[in-house]
Amino acid sequence: MGDAITKQTEVPPKTLRRTTPPAVTVLLVVMALVARVLLVPYESEDAATFLLPWMEQFRDHGVWALGGDFSNYNFPYLFLLFLVSFLPIDPLIAIKIVSIAGDVSLALAVAALAKELGPSRLAPRTVAVISLLAPTVLVNGAMWGQCDSIYTAFLLLSARSLLRNNYDCAWSFWGVAVAFKLQSVFFLPALAAISLRGRFNIRGVFMAAFVWLALSLPPVIFGRSWESTLTIYVRQAQDNRLVSGAANIFAMFPNLGIAEGRWWGIMLCAVAIGIAVFAYWRGEDVSERRLLLCITTVAACPLLLPQMHDRYFFAAEVMSLLLLNWSRLRMVPCLLATTGAFVYFLYFAKNSYALPLSIAFLVQTVAVILLYRALMRHSKNASRGSVIH
């Protein structure tokens, strides 16, 4: 336990030539930007109900609005909205500038993680461009005005740090991610398991806590109460529905109440995560298995936990794009991306999310099963790189 991480087996040189020509890459980036420009004018229900009123608070009250109790989002994202509120442009466009900037940071993080994994069939820039063109990423930011790209970018940087055995940075990046979105906790089991196996210093945990506090407490300076500031995520969890548009297990039981289903969902998820961690721990500690554990946990948690929303698979969809290089797991990002786009379509079509989500859940389950199957391969297979190729 704790030996230096083994790098994955290098891909034969002839496969390294399968990269996107620079001209094609530029064309695809332009297409991604044009698509976002076309989607920006759309005003989603979330934008009308939440984001635009928040922007109005910043434009009316300036910096002191940062101490207001009008939002259930944590400080880092609100601060970004505050900054763009100074731009002399339509407030909806200002909001989506933050989201699109998040998409760019996400693509850069994808490229950084792909580069850390070493030689592959797809160049890092190719995977990054694919992330920009992924339907869920396009719709989430430019159309919906959400900021899931931002916290996911920091999760990707945390995963990259894990592959480099830089545990302090891994925990710090995770602290930033949690400060943006509570859904970053899906990554915690993988972060903790890999760190423990690598004999990390407990200092990393304190660094994550410090980063989260440093990014979460500034509203107190502007007059917001300590209770209101520190219980934002508690209030976010106050939902009386077992499932809120997510393609997870509770879509199969539309009549099940939250009192009956909450605890068995939590226990089922705990067992599933325990199995994933055990499978990782019994195999060889190579970079590919570390990444597999990260993707498995962020995919399994929203699949099984109660009170999940449609956007909570976002990190799993994006992280799984790294599997496009792996012949045995190439189907996983395709399945996750297809169901993700399907669920987003239902949201904008104002579907009731009943029967169609149960079908989407089954597709998501196939993707997660494929991840578990790969993670459970024997260590002798992992050492030869057969988990990937």
# chains A, B, ... in the order shown; residues from 1 in each chain; ligands from 1
$ closest_atom_pairs --of "range 208-313 of chain A" --to "range 160-171 of chain A" --cutoff "10 Å" --atoms "only C-alpha atoms" --output "CSV"
residue,atom,partner,partner_atom,distance
A:Ala208,CA,A:Trp171,CA,5.1
A:Ala209,CA,A:Trp171,CA,8.8
A:Val211,CA,A:Trp171,CA,9.2
A:Val286,CA,A:Leu163,CA,8.6
A:Ser287,CA,A:Leu163,CA,5.7
A:Glu288,CA,A:Leu163,CA,8.8
A:Arg289,CA,A:Leu163,CA,9.9
A:Arg290,CA,A:Leu163,CA,7.1
A:Leu291,CA,A:Leu163,CA,7.9
A:Cys294,CA,A:Leu162,CA,9.8
$ write_last_selection --atoms "C-alpha atoms" --output "PDB file, in the first residue's frame"
ATOM      1  CA  ALA A 208     -10.200  21.427   1.792  1.00  0.00           C
ATOM      2  CA  ALA A 209     -12.123  22.629   4.847  1.00  0.00           C
ATOM      3  CA  VAL A 211     -10.753  26.517   1.196  1.00  0.00           C
ATOM      4  CA  VAL A 286      -2.619   2.329 -11.506  1.00  0.00           C
ATOM      5  CA  SER A 287      -3.762   5.643 -12.943  1.00  0.00           C
ATOM      6  CA  GLU A 288      -6.526   4.113 -15.030  1.00  0.00           C
ATOM      7  CA  ARG A 289      -8.104   2.445 -12.000  1.00  0.00           C
ATOM      8  CA  ARG A 290      -7.953   5.683 -10.024  1.00  0.00           C
ATOM      9  CA  LEU A 291      -9.824   7.455 -12.808  1.00  0.00           C
ATOM     10  CA  CYS A 294     -13.634   8.651  -9.703  1.00  0.00           C
TER      11      CYS A 294
END
$ residues_around --residues "range 34-48 of chain A" --least-positions-apart "2" --cutoff "9 Å" --atoms "only C-alpha atoms" --output "PyMOL selection string"
chain A and resi 29-32+50-53+92-93+95-97+100+133+138-139+141-146+348
$ residues_around --residues "Thr296 in chain A" --least-positions-apart "4" --cutoff "8 Å" --atoms "only C-alpha atoms" --output "count of residues only"
7
$ residues_around --residues "range 344-346 of chain A" --least-positions-apart "4" --cutoff "12 Å" --atoms "only C-alpha atoms" --output "VMD selection string"
chain A and resid 44 135 to 141 143 to 144 245 to 247 309 to 314 337 to 340 350 to 357 360
$ residues_around --residues "Ala153 in chain A" --least-positions-apart "4" --cutoff "9 Å" --atoms "only C-alpha atoms" --output "ChimeraX atom specification"
/A:102-103,105-110,148-149,157-158,177,315
$ select_by_dssp --residues "range 221-353 of chain A" --states "alpha helix (DSSP H)" --output "number ranges by chain"
A: 221, 226-230, 232-236, 258-282, 287-304, 314-319, 331-348
$ closest_residue --among "A:Met55, A:Ala214, A:Leu305, A:Ala251" --to "Leu362 in chain A" --atoms "only C-alpha atoms"
A:Ala251
$ atom_distance --atom1 "CA of Leu293 in chain A" --atom2 "CA of Leu375 in chain A"
7.1 Å
